[in-house]
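Structure data follow from start16.csv (CSV, C-alpha atoms and all ligand atoms):
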chain,number,residue,atom,x,y,z
A,1,MET,CA,-17.7,-22.8,-46.7
A,2,ARG,CA,-14.5,-22.2,-44.9
A,3,PRO,CA,-13.1,-18.7,-45.3
A,4,GLU,CA,-9.9,-18.2,-47.1
A,5,PHE,CA,-7.5,-16.1,-44.9
A,6,ALA,CA,-4.9,-13.7,-46.3
A,7,PHE,CA,-2.3,-15.4,-44.0
A,8,PRO,CA,-2.3,-18.4,-41.7
A,9,LEU,CA,-4.4,-17.9,-38.5
A,10,PRO,CA,-2.3,-17.2,-35.4
A,11,GLU,CA,-2.3,-20.0,-32.8
A,12,ALA,CA,-5.0,-19.5,-30.2
A,13,PRO,CA,-3.6,-18.2,-26.8
A,14,SER,CA,-4.2,-20.8,-24.1
A,15,VAL,CA,-3.4,-21.6,-20.5
A,16,ALA,CA,-2.5,-25.0,-18.9
A,17,VAL,CA,-5.2,-26.9,-16.9
A,18,ALA,CA,-3.8,-28.5,-13.8
A,19,ALA,CA,-3.4,-32.3,-13.9
A,20,SER,CA,-4.7,-32.4,-17.4
A,21,ARG,CA,-3.5,-32.5,-21.0
A,22,GLN,CA,-6.2,-30.1,-22.0
A,23,ARG,CA,-5.6,-26.4,-22.3
A,24,PHE,CA,-7.9,-23.5,-21.6
A,25,PRO,CA,-8.4,-21.4,-24.8
A,26,VAL,CA,-8.3,-17.7,-23.9
A,27,HIS,CA,-11.0,-15.5,-25.4
A,28,ARG,CA,-10.5,-12.2,-23.5
A,29,ILE,CA,-8.7,-11.0,-20.4
A,30,TYR,CA,-10.6,-8.7,-18.1
A,31,CYS,CA,-8.9,-7.1,-15.0
A,32,VAL,CA,-10.3,-5.5,-11.8
A,33,GLY,CA,-8.3,-2.6,-10.4
A,34,ARG,CA,-8.5,-1.2,-6.9
A,35,ASN,CA,-10.0,-4.4,-5.3
A,36,TYR,CA,-8.0,-4.5,-2.1
A,37,ALA,CA,-8.2,-1.5,0.3
A,38,ASP,CA,-4.6,-1.6,1.3
A,39,HIS,CA,-3.5,-1.5,-2.3
A,40,VAL,CA,-5.9,1.4,-3.1
A,41,ARG,CA,-4.2,3.3,-0.2
A,42,GLU,CA,-0.6,2.5,-1.3
A,43,MET,CA,-1.6,4.0,-4.7
A,44,GLY,CA,-2.5,7.2,-2.9
A,45,ALA,CA,-6.3,6.9,-3.2
A,46,ASP,CA,-9.2,6.4,-0.7
A,47,PRO,CA,-10.9,3.0,-0.9
A,48,GLN,CA,-14.2,4.5,0.3
A,49,ARG,CA,-14.3,6.9,-2.7
A,50,GLU,CA,-12.4,5.0,-5.4
A,51,ARG,CA,-14.6,2.0,-6.5
A,52,PRO,CA,-13.0,-1.0,-8.2
A,53,VAL,CA,-12.6,-0.5,-12.0
A,54,PHE,CA,-12.4,-2.8,-15.0
A,55,PHE,CA,-9.8,-2.7,-17.8
A,56,MET,CA,-8.5,-5.3,-20.3
A,57,LYS,CA,-5.4,-7.0,-21.7
A,58,PRO,CA,-5.2,-8.7,-25.1
A,59,ALA,CA,-5.7,-12.5,-25.0
A,60,ASP,CA,-2.2,-13.0,-26.5
A,61,ALA,CA,-0.6,-11.3,-23.5
A,62,VAL,CA,-0.7,-14.6,-21.6
A,63,VAL,CA,2.7,-16.0,-20.5
A,64,ALA,CA,2.9,-19.7,-19.4
A,65,ASN,CA,4.3,-20.6,-16.0
A,66,GLY,CA,8.1,-20.9,-15.9
A,67,VAL,CA,8.6,-18.8,-19.1
A,68,ALA,CA,10.9,-15.8,-18.7
A,69,VAL,CA,9.5,-12.3,-19.3
A,70,ALA,CA,11.7,-9.8,-21.2
A,71,TYR,CA,11.9,-6.3,-19.6
A,72,PRO,CA,9.4,-4.3,-21.7
A,73,PRO,CA,10.3,-1.2,-23.6
A,74,ARG,CA,9.4,2.4,-22.7
A,75,THR,CA,9.4,1.9,-18.9
A,76,ALA,CA,11.7,2.5,-16.0
A,77,ASN,CA,9.2,1.3,-13.4
A,78,PHE,CA,8.0,-2.2,-14.2
A,79,HIS,CA,5.8,-3.6,-11.4
A,80,HIS,CA,4.5,-7.0,-10.2
A,81,GLU,CA,0.9,-7.5,-9.1
A,82,ILE,CA,0.0,-11.0,-7.9
A,83,GLU,CA,-3.7,-11.8,-8.4
A,84,LEU,CA,-6.3,-14.5,-8.3
A,85,VAL,CA,-7.4,-15.3,-11.8
A,86,VAL,CA,-10.9,-16.6,-12.5
A,87,ALA,CA,-11.4,-18.7,-15.7
A,88,ILE,CA,-14.9,-18.6,-17.2
A,89,GLY,CA,-16.3,-21.9,-18.5
A,90,ARG,CA,-19.8,-20.9,-19.3
A,91,GLY,CA,-20.8,-17.5,-20.8
A,92,GLY,CA,-23.7,-15.2,-20.1
A,93,ARG,CA,-24.9,-11.7,-19.6
A,94,ASP,CA,-26.7,-10.1,-16.6
A,95,ILE,CA,-25.5,-13.1,-14.5
A,96,ARG,CA,-27.1,-13.0,-11.0
A,97,GLU,CA,-24.7,-13.1,-8.1
A,98,PRO,CA,-26.2,-16.3,-6.4
A,99,ARG,CA,-25.6,-18.2,-9.7
A,100,ALA,CA,-22.3,-16.6,-10.7
A,101,LEU,CA,-20.1,-19.5,-9.6
A,102,GLU,CA,-21.9,-21.8,-12.0
A,103,HIS,CA,-20.0,-19.9,-14.8
A,104,VAL,CA,-16.5,-20.6,-13.3
A,105,PHE,CA,-14.3,-23.2,-15.0
A,106,GLY,CA,-11.5,-22.8,-12.5
A,107,TYR,CA,-8.9,-20.6,-10.7
A,108,ALA,CA,-5.2,-19.8,-11.2
A,109,ALA,CA,-2.5,-17.5,-9.9
A,110,GLY,CA,-1.6,-14.6,-12.3
A,111,ASN,CA,0.6,-11.6,-12.4
A,112,ASP,CA,-0.9,-8.3,-13.7
A,113,LEU,CA,2.5,-6.9,-14.9
A,114,THR,CA,2.3,-3.1,-15.1
A,115,ARG,CA,4.4,-0.3,-16.6
A,116,ARG,CA,3.7,1.9,-13.5
A,117,ASP,CA,5.3,5.0,-14.9
A,118,LEU,CA,3.1,4.9,-18.0
A,119,GLN,CA,0.1,4.3,-15.7
A,120,ASP,CA,0.9,7.2,-13.5
A,121,ALA,CA,1.2,9.5,-16.5
A,122,ALA,CA,-2.1,8.2,-18.0
A,123,LYS,CA,-3.9,8.8,-14.7
A,124,GLN,CA,-2.6,12.3,-14.5
A,125,ARG,CA,-3.7,13.1,-18.0
A,126,GLY,CA,-7.0,11.2,-17.8
A,127,GLN,CA,-5.8,8.9,-20.6
A,128,PRO,CA,-6.5,5.2,-21.1
A,129,TRP,CA,-4.3,2.5,-19.5
A,130,ASP,CA,-3.7,0.3,-22.5
A,131,ALA,CA,0.0,1.0,-22.8
A,132,ALA,CA,0.5,0.6,-19.0
A,133,LYS,CA,-1.4,-2.6,-18.7
A,134,GLY,CA,-2.1,-4.3,-22.0
A,135,PHE,CA,1.4,-4.7,-23.5
A,136,ASP,CA,3.0,-7.9,-24.8
A,137,CYS,CA,3.6,-10.6,-22.2
A,138,SER,CA,1.9,-8.6,-19.5
A,139,ALA,CA,-0.2,-11.6,-18.2
A,140,PRO,CA,1.7,-14.6,-16.8
A,141,VAL,CA,-0.8,-17.2,-15.6
A,142,ALA,CA,-0.1,-20.6,-13.8
A,143,ALA,CA,-2.2,-23.7,-14.5
A,144,ILE,CA,-5.9,-23.4,-13.9
A,145,ARG,CA,-7.3,-25.6,-11.1
A,146,PRO,CA,-10.8,-26.7,-12.0
A,147,ALA,CA,-13.6,-25.3,-9.8
A,148,ALA,CA,-14.8,-28.9,-9.2
A,149,LEU,CA,-11.9,-29.2,-6.8
A,150,GLY,CA,-13.2,-26.3,-4.8
A,151,GLU,CA,-14.0,-22.6,-5.0
A,152,VAL,CA,-11.5,-20.0,-3.9
A,153,ALA,CA,-13.2,-17.5,-1.6
A,154,ARG,CA,-10.3,-17.3,0.9
A,155,GLY,CA,-6.7,-18.3,1.2
A,156,ARG,CA,-3.2,-16.7,1.4
A,157,ILE,CA,-2.1,-14.7,-1.7
A,158,TRP,CA,1.6,-13.8,-1.8
A,159,LEU,CA,4.5,-12.8,-4.1
A,160,SER,CA,8.2,-12.9,-3.6
A,161,VAL,CA,11.1,-11.4,-5.6
A,162,ASN,CA,14.4,-13.3,-5.3
A,163,SER,CA,12.8,-15.2,-2.3
A,164,GLU,CA,12.0,-11.9,-0.5
A,165,LEU,CA,8.3,-11.6,0.4
A,166,ARG,CA,6.8,-8.5,-1.2
A,167,GLN,CA,3.0,-9.1,-1.2
A,168,GLU,CA,1.0,-11.0,1.3
A,169,SER,CA,-2.8,-10.9,2.0
A,170,ASP,CA,-5.8,-13.1,1.9
A,171,VAL,CA,-8.2,-13.5,-1.1
A,172,SER,CA,-11.1,-13.0,1.4
A,173,ARG,CA,-10.1,-9.3,1.7
A,174,MET,CA,-11.1,-8.4,-1.9
A,175,LEU,CA,-13.6,-5.5,-1.9
A,176,TRP,CA,-15.6,-7.2,-4.7
A,177,ASP,CA,-15.7,-11.0,-4.3
A,178,VAL,CA,-15.7,-13.4,-7.2
A,179,PRO,CA,-19.5,-13.7,-7.6
A,180,HIS,CA,-19.9,-9.9,-7.4
A,181,ILE,CA,-17.2,-9.3,-10.0
A,182,ILE,CA,-18.8,-11.8,-12.4
A,183,ALA,CA,-22.3,-10.3,-11.9
A,184,GLU,CA,-21.0,-6.7,-12.4
A,185,LEU,CA,-18.8,-7.5,-15.4
A,186,SER,CA,-21.6,-9.4,-17.1
A,187,THR,CA,-23.7,-6.3,-17.1
A,188,LEU,CA,-21.0,-4.5,-19.2
A,189,PHE,CA,-19.9,-7.3,-21.5
A,190,GLU,CA,-21.3,-10.7,-22.5
A,191,LEU,CA,-19.0,-13.2,-20.9
A,192,ARG,CA,-17.9,-16.2,-22.9
A,193,ALA,CA,-16.2,-19.4,-22.2
A,194,GLY,CA,-12.5,-18.7,-22.4
A,195,ASP,CA,-12.6,-15.4,-20.6
A,196,LEU,CA,-10.0,-14.8,-17.8
A,197,ILE,CA,-10.7,-12.3,-15.0
A,198,PHE,CA,-7.7,-10.9,-13.0
A,199,THR,CA,-9.4,-10.0,-9.7
A,200,GLY,CA,-7.0,-7.3,-8.3
A,201,THR,CA,-3.8,-7.2,-6.3
A,202,PRO,CA,-3.1,-6.5,-2.5
A,203,ALA,CA,-0.6,-4.0,-1.2
A,204,GLY,CA,3.1,-4.5,-1.7
A,205,VAL,CA,3.5,-3.9,-5.5
A,206,GLY,CA,6.9,-2.8,-6.6
A,207,PRO,CA,9.5,-2.6,-9.3
A,208,VAL,CA,11.4,-5.6,-10.8
A,209,LYS,CA,14.5,-5.7,-12.9
A,210,PRO,CA,16.3,-8.1,-15.3
A,211,GLY,CA,17.7,-11.0,-13.3
A,212,ASP,CA,14.9,-11.0,-10.8
A,213,ARG,CA,13.0,-14.3,-10.0
A,214,LEU,CA,9.3,-13.8,-9.3
A,215,GLU,CA,7.3,-16.4,-7.3
A,216,GLY,CA,3.7,-16.0,-6.4
A,217,GLY,CA,0.7,-18.0,-5.4
A,218,ILE,CA,-2.6,-18.5,-3.9
A,219,GLU,CA,-3.2,-21.2,-1.3
A,220,GLY,CA,-4.2,-24.5,-3.1
A,221,LEU,CA,-3.2,-23.3,-6.6
A,222,GLU,CA,-0.1,-23.9,-8.6
A,223,VAL,CA,2.8,-21.5,-7.8
A,224,LEU,CA,3.6,-19.0,-10.6
A,225,ARG,CA,7.3,-18.6,-11.4
A,226,ASN,CA,8.7,-16.2,-14.0
A,227,ALA,CA,12.1,-14.7,-14.3
A,228,ILE,CA,12.7,-11.2,-15.7
A,229,VAL,CA,15.3,-11.1,-18.4
A,230,PRO,CA,16.9,-8.3,-20.3
A,231,ALA,CA,15.1,-6.9,-23.3
A,232,PRO,CA,16.2,-8.6,-26.5
A,233,PRO,CA,18.3,-6.5,-28.9
A,234,PRO,CA,16.3,-4.8,-31.6
A,301,MN,MN,-4.0,-5.4,-11.1
Please go through the file and, once you have read it, give me the structure as structure tokens.
Ligand code: MN
Amino acid sequence: MRPEFAFPLPEAPSVAVAASRQRFPVHRIYCVGRNYADHVREMGADPQRERPVFFMKPADAVVANGVAVAYPPRTANFHHEIELVVAIGRGGRDIREPRALEHVFGYAAGNDLTRRDLQDAAKQRGQPWDAAKGFDCSAPVAAIRPAALGEVARGRIWLSVNSELRQESDVSRMLWDVPHIIAELSTLFELRAGDLIFTGTPAGVGPVKPGDRLEGGIEGLEVLRNAIVPAPPP
């Protein structure tokens, strides 16, 4: 029997699939922090001692390509972080590294938007990152390119603000590569079809303000474009 809900179910968050009418329904959003040595250094830490970490964003934080992002409340230091996003098409737990890529549906460019001032404060106090990372509209993602068209183990990753290049690296420089991330994550959580994994950002993160135009990408994947607009009046 179908359950009777107290109010209508919200629409399932989803992401476009490149060259397809189908959409990828989002189950969870996992993120890897500290996965490029140059970014670990710019955050004032030592990549030898600070291992990559996992955190999460809510599934409904996804923002479609081309949609403007309102400057979020309670921050004065709102940062961009361009990242390779892995979309999981087949779930599992304790996934072994050599078979990890069999679980990948596809790849996309994403932006792990961050309230850096709240993150710095949370780090200092040993508090969780949710308010710094998992706020509304914190996860813009471009169309997912199916893995059948090729895995993404290398390739240029970049982001520009108002056409000025801010971040540039290569996906091959990740400390944990995609198979290792999937294997590690699946020992902590049972992965499911619909999960997205943000795999970390290279150096060059920095603040954005209303009126800025963000463009970022990964070689071979759809370019992600989002403008930052003023916060709506209350
Ligand atoms: Mn990040």
Practice task
Go through the chains and note each residue within 6 Å of ligand MN 301 (chain A), using all atoms listed in the file, then give the set as a ChimeraX atom specification.
Solution key: /A:33,81,112,200-201
Practice task
Grab the atom CA of Ala147 of chain A to atom CA of Ala203 of chain A distance for me, in Å with one decimal place.
Solution key: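 Going from atom CA of Ala147 of chain A over to atom CA of Ala203 of chain A, I get 26.4 Å.
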Which residues of segment 188-227 of chain A have any atom within 8 Å of an atom in segment 43-65 of chain A when counting all atoms listed in the file, and what is the closest pair of atoms for each, with the distance in Å to one decimal? Order the rows by chain and rising number and write it as a Markdown table.
| residue | atom | partner | partner_atom | distance |
| --- | --- | --- | --- | --- |
| A:Leu224 | CA | A:Asn65 | CA | 5.7 |
| A:Arg225 | CA | A:Asn65 | CA | 5.8 |
| A:Asn226 | CA | A:Asn65 | CA | 6.5 |
Problem - Selected residue, from A:Ala109, A:Ala37, A:Val171, A:Leu84, that lies nearest to Val15 of chain A when counting all atoms listed in the file - result: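 Ranked by minimum distance to Val15 of chain A, first place goes to A:Ala109.
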Problem - Proximity to Val141 of chain A - best of A:Pro210, A:Gly110, A:Pro73, A:Pro13, only C-alpha atoms - result: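 Using only C-alpha atoms, Val141 of chain A sits closest to A:Gly110.
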Practice task
Could you please determine the separation between atom CA of Ile29 of chain A and atom CA of Glu168 of chain A in Å, to one decimal place?
Solution key: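 Answer for the atom CA of Ile29 of chain A to atom CA of Glu168 of chain A separation: 23.8 Å.
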Problem - Counting only C-alpha atoms, the option among A:Phe7, A:Trp176, A:Phe24, A:Phe189 closest to Tyr36 of chain A - result: A:Trp176
Using all atoms listed in the file, find each residue in segment 56-92 of chain A having at least one atom no more than 12 Å away from segment 149-167 of chain A; report its shortest atom-to-atom pair and that distance in Å (one decimal), rows by chain then rising number, as a tab-separated table.
residue	atom	partner	partner_atom	distance
A:His79	CA	A:Val161	CA	11.1
A:His80	CA	A:Leu159	CA	8.4
A:Glu81	CA	A:Leu159	CA	8.1
A:Ile82	CA	A:Leu159	CA	6.2
A:Glu83	CA	A:Ile157	CA	7.5
A:Leu84	CA	A:Ile157	CA	7.8
A:Val85	CA	A:Val152	CA	10.1
A:Val86	CA	A:Val152	CA	9.3
A:Ala87	CA	A:Glu151	CA	11.7
Problem - Between atom CA of Arg93 of chain A and atom CA of Thr187 of chain A, distance in Å (one decimal) - result: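 These atoms are spaced 6.1 Å apart.
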Practice task
Name the residues in contact with segment 74-78 of chain A at a cut-off of 6 Å, using all atoms listed in the file, excluding same-chain residues fewer than 4 positions from it; report them as a VMD selection string.
Solution key: chain A and resid 114 to 117 207 to 208
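Using only C-alpha atoms, the nearest neighbour of Ser169 of chain A within the list A:Gly216, A:Gly66, A:Arg28, A:Gly106 is A:Gly216.
Considering the residues A:Gly194, A:Pro202, A:Pro140, A:Pro179 and counting only C-alpha atoms, Val223 of chain A has its shortest atom-to-atom contact with A:Pro140.
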Handout entry: Residue with smallest distance to Gly89 of chain A - pool A:Met174, A:Asp195, A:Pro72, A:Ala143, counting only C-alpha atoms
Key =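 Smallest distance to Gly89 of chain A is found for A:Asp195.
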